[in-house]
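Data block below; observations after.
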Amino acid sequence: MRKKTVCILMVAVMLLMTAGCKGSADVDAKALADALRNQVTYNDDLASIDLDTAGMFYSFGDAEINEAYFYESSGATAEEIVVIKCASDADAGKVEEILKRRVEEQKESFKDYVPAELEKLNTAIVKRSGKCVILSVSDEPDKAGDIIRSYAK
Amino acid sequence: MDNNNPLFNILSPSSAQGGMTDEELALIERRRAVRAVSVVLVVLCTLFLAVMAGAMIALWDTGKSSRDLIAVLNGSYVYAQTQEELDRIASGGEAVAEAENGTGQPEEGQDDEGLSVVNEVPSDDADSSNGDISDMSSQDNSESGIDVVEDAGSEDDASMMNGPKINVYVDPNVNYPIPFSEVDESYFEDALFIGDSRLQGFGMYSGMPGTFYAATGFQLYKYDSMDVVTTDEGKVPITQAMPYDSFTKIYIKVGLNEMGGNDNIFLSRYKELITWLRGCQPRAIIYIHGLLPVTAAKSQSDKVHNNTNVNARNESLKQLAMEQRAYYLDVGSALAGADGSLPAEMAADGIHLKAQYMDIWKQYLMSHAVVVE
């Protein structure tokens, strides 16, 4: 009886773990990035860049990244979309910290340059869902938050 | 201390007579030790000075300077700022290295002193930058005791010879100004771009190779303190990130964020930046980007960032480029409309170029490149 209970518990735990992994793995990073790009209103034309180019202002160190989507402003605004899918939860944790740091660096850059952009940066969203990490800087943080929640539960 | 010890009696005869205390004896011994160390130090210093004097005399005899000696000792590069200086280093003041036009076809050789000069003329030609061994030639100056190697960039080629080497780079501005040529993208692989958010946008969207030290709000006045370059440890100022002798072209694009200030202070700081850059990138050709115009709407509504001020600053930058033997790039002329303003559709905020127009800028740079033969 006792062995049976232990086995049932172990199976339950494994199922829960699998379900957790499946939830984060299911985030469609590209679709989420495109939804943020197309459904939120931006003042600037955000254009796509690749991970190498993003190295101009992002250094992800040893974090292993499987997919990355960046939409960046021309420089006129702080508006930005980043969706990154990592190889592991630990990598996602590192990327989350890097995205948070990016927001702080942008605040520093814009505070004397275009102070009005600070409002967007103060309501910037950095969210981690399993192995997926999202950054959204826009004038519509509520709308962006809804979109993110619909893709990354 | 045992005063009956015969050795003690020899060393300290007076003590043997019972006239000195143990403290006095210890003091004497310490003085002797200090004296011995001093003698050794004096001998070593004398030897060092003799070696240095000999080396200096040898260099003077072959027409070289102490800088060349340092270059030999640490394997670094000697920066010949004029063709005459290059010739002096290469020939010991007698023979003339035909490095300027690259027509010399001397024979290989090794001098008695075993000194070799690697004369690397910065070349923007893609083939030669690969260090093709066929490009290598050397000149035997046995009289002056120096070998000159004209090499397009291969250390392996140079290492085929024995003996220490002096690596000489010619100032790329020896023949300033060199007319602009058209180049392909590979030209920019060892280029460094320094500038503000507009340049950062160019780096993001143009697909131009090269290294970008650019940031939103970058200001010339803060070039040595503002965190611009991304590293694993966070952002650092360009002065901290800059590697030595790694770029052969440097494009500087600053000036709009500094508008509204004193023009003389701006230019003075600009010169300071160029001087510093030349110190750490001695082979680099310096390009000074003119400011891009702003849109007509922006120009009319902004008391500072308007095209009148942009044009005035560009005139100063043109002058600065000539004074500094740098190359002024009038990129704005390629982007401006008939009225001299940036067309409204090109910039969301009237200043920053949208991604789809970056290619115009890129094509301008590719058709306005200096190629040092």
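FYI, nothing fancy with the structure tokens labels: chains A, B, ... in order, residues from 1 per chain, ligands from 1 as they appear.
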
Counting only C-alpha atoms, what is within 9 Å of A:Asp50, bar same-chain residues fewer than 5 positions away, as an MDAnalysis selection string?
(chainID A and resid 55 68:71) or (chainID B and resid 204)

Contact check, chain A to chain B, at most 6 Å, counting only C-alpha atoms, closest pairs as a tab-separated table:
```
residue	atom	partner	partner_atom	distance
A:Asp44	CA	B:Ala348	CA	5.8
A:Thr53	CA	B:Met204	CA	6.0
A:Phe57	CA	B:Thr230	CA	5.5
A:Ser59	CA	B:Asp232	CA	5.5
A:Gly61	CA	B:Asp232	CA	5.5
A:Ser74	CA	B:Gly201	CA	5.3
A:Gly75	CA	B:Ser197	CA	5.3
A:Ala76	CA	B:His352	CA	5.7
A:Ser109	CA	B:Gly217	CA	5.8
A:Tyr113	CA	B:Gly217	CA	5.4
```

Export of prior selection with C-alpha atoms as a PDB file, in the first residue's frame:
```
ATOM      1  CA  ASP A  44       8.104  54.914 -34.509  1.00  0.00           C
ATOM      2  CA  THR A  53      22.985  42.786 -34.717  1.00  0.00           C
ATOM      3  CA  PHE A  57      23.396  46.713 -27.169  1.00  0.00           C
ATOM      4  CA  SER A  59      25.346  40.863 -24.377  1.00  0.00           C
ATOM      5  CA  GLY A  61      27.026  36.041 -22.218  1.00  0.00           C
ATOM      6  CA  SER A  74      15.067  53.926 -35.350  1.00  0.00           C
ATOM      7  CA  GLY A  75      16.431  55.707 -32.292  1.00  0.00           C
ATOM      8  CA  ALA A  76      13.634  58.227 -32.142  1.00  0.00           C
ATOM      9  CA  SER A 109      20.148  57.105 -22.109  1.00  0.00           C
ATOM     10  CA  TYR A 113      17.912  62.847 -24.594  1.00  0.00           C
TER      11      TYR A 113
END
```

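When only C-alpha atoms are used to measure the gap to A:Leu118, the shortest distance among A:Ile65, A:Val95, A:Val27, A:Ala78 belongs to A:Ala78.
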
Please, what distance in Å, to one decimal, runs between atom CA of A:Glu72 and atom CA of A:Arg37?
10.0 Å

Excluding A:Lys30 and residues on its chain fewer than 4 positions from it, collect all residues at most 10 Å away from it, counting only C-alpha atoms, and give them as a ChimeraX atom specification.
/A:34-36,67-70,83-85

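Of the listed residues (A:Glu79, A:Lys100, A:Glu105, A:Ser88), A:Glu79 comes nearest to A:Val40; the distances count only C-alpha atoms.
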
Please extract the residues of stretch 1-145 of chain A with a backbone DSSP assignment of strand (DSSP E or B) and present them as a PyMOL selection string.
chain A and resi 47-49+65-72+80-86+125-129+132-137

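Computed from the coordinates, the atom CA of B:Gln324 to atom CA of B:Asn307 distance equals 24.9 Å.
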
Contacts of stretch 319-322 of chain B at 10 Å (only C-alpha atoms; same-chain gap of 3+ positions) as a PyMOL selection string:
chain B and resi 176-177+267-268+270-271+286-289+313-316+325-329

Take the selection from the previous step and output its residues with N, CA and C atoms, as an mmCIF file, in the first residue's frame.
```
data_model
loop_
_atom_site.group_PDB
_atom_site.id
_atom_site.type_symbol
_atom_site.label_atom_id
_atom_site.label_comp_id
_atom_site.auth_asym_id
_atom_site.auth_seq_id
_atom_site.Cartn_x
_atom_site.Cartn_y
_atom_site.Cartn_z
ATOM 1 N N TYR B 176 47.871 62.274 -48.178
ATOM 2 C CA TYR B 176 46.569 62.950 -48.038
ATOM 3 C C TYR B 176 46.476 64.163 -48.966
ATOM 4 N N PRO B 177 45.336 64.427 -49.570
ATOM 5 C CA PRO B 177 44.134 63.592 -49.590
ATOM 6 C C PRO B 177 44.144 62.598 -50.745
ATOM 7 N N LEU B 267 34.623 71.643 -31.385
ATOM 8 C CA LEU B 267 35.708 71.276 -32.295
ATOM 9 C C LEU B 267 36.968 70.872 -31.530
ATOM 10 N N SER B 268 37.193 71.533 -30.436
ATOM 11 C CA SER B 268 38.354 71.204 -29.619
ATOM 12 C C SER B 268 38.244 69.787 -29.072
ATOM 13 N N TYR B 270 36.458 67.457 -30.408
ATOM 14 C CA TYR B 270 36.520 66.568 -31.571
ATOM 15 C C TYR B 270 37.986 66.259 -31.913
ATOM 16 N N LYS B 271 38.808 67.308 -31.886
ATOM 17 C CA LYS B 271 40.246 67.114 -32.171
ATOM 18 C C LYS B 271 40.866 66.188 -31.135
ATOM 19 N N ILE B 286 40.716 58.297 -40.826
ATOM 20 C CA ILE B 286 39.612 58.876 -40.054
ATOM 21 C C ILE B 286 38.609 59.532 -41.005
ATOM 22 N N TYR B 287 37.380 59.137 -40.864
ATOM 23 C CA TYR B 287 36.289 59.762 -41.625
ATOM 24 C C TYR B 287 35.424 60.570 -40.668
ATOM 25 N N ILE B 288 35.102 61.778 -41.100
ATOM 26 C CA ILE B 288 34.202 62.617 -40.296
ATOM 27 C C ILE B 288 32.869 62.732 -41.025
ATOM 28 N N HIS B 289 31.867 62.164 -40.418
ATOM 29 C CA HIS B 289 30.532 62.241 -40.999
ATOM 30 C C HIS B 289 29.977 63.649 -40.843
ATOM 31 N N ARG B 313 27.301 73.729 -38.774
ATOM 32 C CA ARG B 313 28.186 72.759 -38.125
ATOM 33 C C ARG B 313 28.923 71.918 -39.162
ATOM 34 N N ASN B 314 28.253 71.598 -40.250
ATOM 35 C CA ASN B 314 28.922 70.806 -41.291
ATOM 36 C C ASN B 314 30.092 71.572 -41.914
ATOM 37 N N GLU B 315 29.938 72.885 -42.030
ATOM 38 C CA GLU B 315 31.060 73.683 -42.544
ATOM 39 C C GLU B 315 32.258 73.579 -41.597
ATOM 40 N N SER B 316 31.970 73.629 -40.308
ATOM 41 C CA SER B 316 33.048 73.489 -39.315
ATOM 42 C C SER B 316 33.686 72.103 -39.408
ATOM 43 N N ARG B 325 43.631 66.117 -41.446
ATOM 44 C CA ARG B 325 43.935 65.127 -42.480
ATOM 45 C C ARG B 325 42.982 63.937 -42.381
ATOM 46 N N ALA B 326 41.725 64.291 -42.208
ATOM 47 C CA ALA B 326 40.667 63.284 -42.183
ATOM 48 C C ALA B 326 39.780 63.500 -43.405
ATOM 49 N N TYR B 327 38.791 62.650 -43.584
ATOM 50 C CA TYR B 327 37.959 62.717 -44.780
ATOM 51 C C TYR B 327 36.512 63.046 -44.395
ATOM 52 N N TYR B 328 36.042 64.142 -44.930
ATOM 53 C CA TYR B 328 34.676 64.577 -44.627
ATOM 54 C C TYR B 328 33.694 63.844 -45.543
ATOM 55 N N LEU B 329 32.643 63.341 -44.951
ATOM 56 C CA LEU B 329 31.626 62.612 -45.714
ATOM 57 C C LEU B 329 30.310 63.381 -45.683
#
```

All alpha helix (DSSP H) residues (DSSP, backbone) inside chain A, as a ChimeraX atom specification:
/A:2-25,29-39,51-54,89-113,118-122,141-151

Dump as a PDB file, in the first residue's frame, selection limited to C-alpha atoms:
```
ATOM      1  CA  ARG A   2       2.785   2.389   0.972  1.00  0.00           C
ATOM      2  CA  LYS A   3       4.756   1.589  -2.199  1.00  0.00           C
ATOM      3  CA  LYS A   4       1.676   2.195  -4.259  1.00  0.00           C
ATOM      4  CA  THR A   5       1.154   5.625  -2.697  1.00  0.00           C
ATOM      5  CA  VAL A   6       4.769   6.606  -3.362  1.00  0.00           C
ATOM      6  CA  CYS A   7       4.490   5.484  -6.983  1.00  0.00           C
ATOM      7  CA  ILE A   8       1.306   7.474  -7.469  1.00  0.00           C
ATOM      8  CA  LEU A   9       2.888  10.544  -5.963  1.00  0.00           C
ATOM      9  CA  MET A  10       5.971  10.216  -8.167  1.00  0.00           C
ATOM     10  CA  VAL A  11       3.868   9.859 -11.280  1.00  0.00           C
ATOM     11  CA  ALA A  12       1.834  12.901 -10.243  1.00  0.00           C
ATOM     12  CA  VAL A  13       4.967  14.956  -9.700  1.00  0.00           C
ATOM     13  CA  MET A  14       6.381  13.894 -13.086  1.00  0.00           C
ATOM     14  CA  LEU A  15       3.120  14.781 -14.795  1.00  0.00           C
ATOM     15  CA  LEU A  16       3.144  18.195 -13.165  1.00  0.00           C
ATOM     16  CA  MET A  17       6.738  18.801 -14.222  1.00  0.00           C
ATOM     17  CA  THR A  18       5.963  17.726 -17.766  1.00  0.00           C
ATOM     18  CA  ALA A  19       2.951  19.990 -17.846  1.00  0.00           C
ATOM     19  CA  GLY A  20       5.101  22.904 -16.674  1.00  0.00           C
ATOM     20  CA  CYS A  21       7.692  22.296 -19.341  1.00  0.00           C
ATOM     21  CA  LYS A  22       5.038  21.920 -21.981  1.00  0.00           C
ATOM     22  CA  GLY A  23       3.484  25.258 -21.002  1.00  0.00           C
ATOM     23  CA  SER A  24       6.697  27.227 -21.563  1.00  0.00           C
ATOM     24  CA  ALA A  25       7.713  25.233 -24.620  1.00  0.00           C
ATOM     25  CA  ALA A  29       7.915  33.288 -29.732  1.00  0.00           C
ATOM     26  CA  LYS A  30       7.640  34.519 -33.300  1.00  0.00           C
ATOM     27  CA  ALA A  31       3.869  34.779 -33.200  1.00  0.00           C
ATOM     28  CA  LEU A  32       4.046  36.648 -29.911  1.00  0.00           C
ATOM     29  CA  ALA A  33       6.650  39.088 -31.228  1.00  0.00           C
ATOM     30  CA  ASP A  34       4.594  39.693 -34.364  1.00  0.00           C
ATOM     31  CA  ALA A  35       1.407  40.164 -32.349  1.00  0.00           C
ATOM     32  CA  LEU A  36       3.120  42.779 -30.202  1.00  0.00           C
ATOM     33  CA  ARG A  37       4.417  44.436 -33.344  1.00  0.00           C
ATOM     34  CA  ASN A  38       1.094  44.467 -35.172  1.00  0.00           C
ATOM     35  CA  GLN A  39      -1.480  44.923 -32.437  1.00  0.00           C
ATOM     36  CA  LEU A  51      20.519  38.335 -32.654  1.00  0.00           C
ATOM     37  CA  ASP A  52      23.983  39.218 -33.975  1.00  0.00           C
ATOM     38  CA  THR A  53      22.985  42.786 -34.717  1.00  0.00           C
ATOM     39  CA  ALA A  54      21.353  43.071 -31.322  1.00  0.00           C
ATOM     40  CA  ASP A  89      14.968  27.884 -17.304  1.00  0.00           C
ATOM     41  CA  ALA A  90      18.351  28.928 -15.933  1.00  0.00           C
ATOM     42  CA  ASP A  91      19.229  30.591 -19.238  1.00  0.00           C
ATOM     43  CA  ALA A  92      15.871  32.318 -19.227  1.00  0.00           C
ATOM     44  CA  GLY A  93      16.634  33.654 -15.757  1.00  0.00           C
ATOM     45  CA  LYS A  94      19.879  35.167 -17.024  1.00  0.00           C
ATOM     46  CA  VAL A  95      18.155  36.716 -20.034  1.00  0.00           C
ATOM     47  CA  GLU A  96      15.436  38.138 -17.826  1.00  0.00           C
ATOM     48  CA  GLU A  97      18.057  39.965 -15.780  1.00  0.00           C
ATOM     49  CA  ILE A  98      19.706  41.261 -18.952  1.00  0.00           C
ATOM     50  CA  LEU A  99      16.403  42.618 -20.264  1.00  0.00           C
ATOM     51  CA  LYS A 100      15.730  44.311 -16.928  1.00  0.00           C
ATOM     52  CA  ARG A 101      19.174  45.877 -17.107  1.00  0.00           C
ATOM     53  CA  ARG A 102      18.445  47.030 -20.662  1.00  0.00           C
ATOM     54  CA  VAL A 103      15.411  48.934 -19.431  1.00  0.00           C
ATOM     55  CA  GLU A 104      17.516  50.665 -16.783  1.00  0.00           C
ATOM     56  CA  GLU A 105      20.222  51.527 -19.346  1.00  0.00           C
ATOM     57  CA  GLN A 106      17.598  52.954 -21.661  1.00  0.00           C
ATOM     58  CA  LYS A 107      16.242  55.104 -18.855  1.00  0.00           C
ATOM     59  CA  GLU A 108      19.726  56.455 -18.360  1.00  0.00           C
ATOM     60  CA  SER A 109      20.148  57.105 -22.109  1.00  0.00           C
ATOM     61  CA  PHE A 110      16.807  58.794 -22.592  1.00  0.00           C
ATOM     62  CA  LYS A 111      16.541  60.832 -19.418  1.00  0.00           C
ATOM     63  CA  ASP A 112      18.484  63.738 -20.951  1.00  0.00           C
ATOM     64  CA  TYR A 113      17.912  62.847 -24.594  1.00  0.00           C
ATOM     65  CA  LEU A 118      10.843  57.654 -19.679  1.00  0.00           C
ATOM     66  CA  GLU A 119       7.118  57.134 -19.263  1.00  0.00           C
ATOM     67  CA  LYS A 120       7.237  54.164 -21.631  1.00  0.00           C
ATOM     68  CA  LEU A 121      10.305  52.801 -19.931  1.00  0.00           C
ATOM     69  CA  ASN A 122       8.738  53.123 -16.506  1.00  0.00           C
ATOM     70  CA  PRO A 141       1.502  48.570 -21.682  1.00  0.00           C
ATOM     71  CA  ASP A 142      -1.960  47.240 -20.764  1.00  0.00           C
ATOM     72  CA  LYS A 143      -2.657  46.072 -24.281  1.00  0.00           C
ATOM     73  CA  ALA A 144       0.835  44.625 -24.590  1.00  0.00           C
ATOM     74  CA  GLY A 145       0.355  42.835 -21.253  1.00  0.00           C
ATOM     75  CA  ASP A 146      -2.868  41.233 -22.470  1.00  0.00           C
ATOM     76  CA  ILE A 147      -1.180  40.012 -25.640  1.00  0.00           C
ATOM     77  CA  ILE A 148       1.735  38.580 -23.685  1.00  0.00           C
ATOM     78  CA  ARG A 149      -0.608  36.795 -21.273  1.00  0.00           C
ATOM     79  CA  SER A 150      -2.543  35.300 -24.132  1.00  0.00           C
ATOM     80  CA  TYR A 151       0.620  33.745 -25.555  1.00  0.00           C
TER      81      TYR A 151
END
```

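Between atom CA of B:Glu258 and atom CA of B:Ala344 lies a distance of 23.1 Å.
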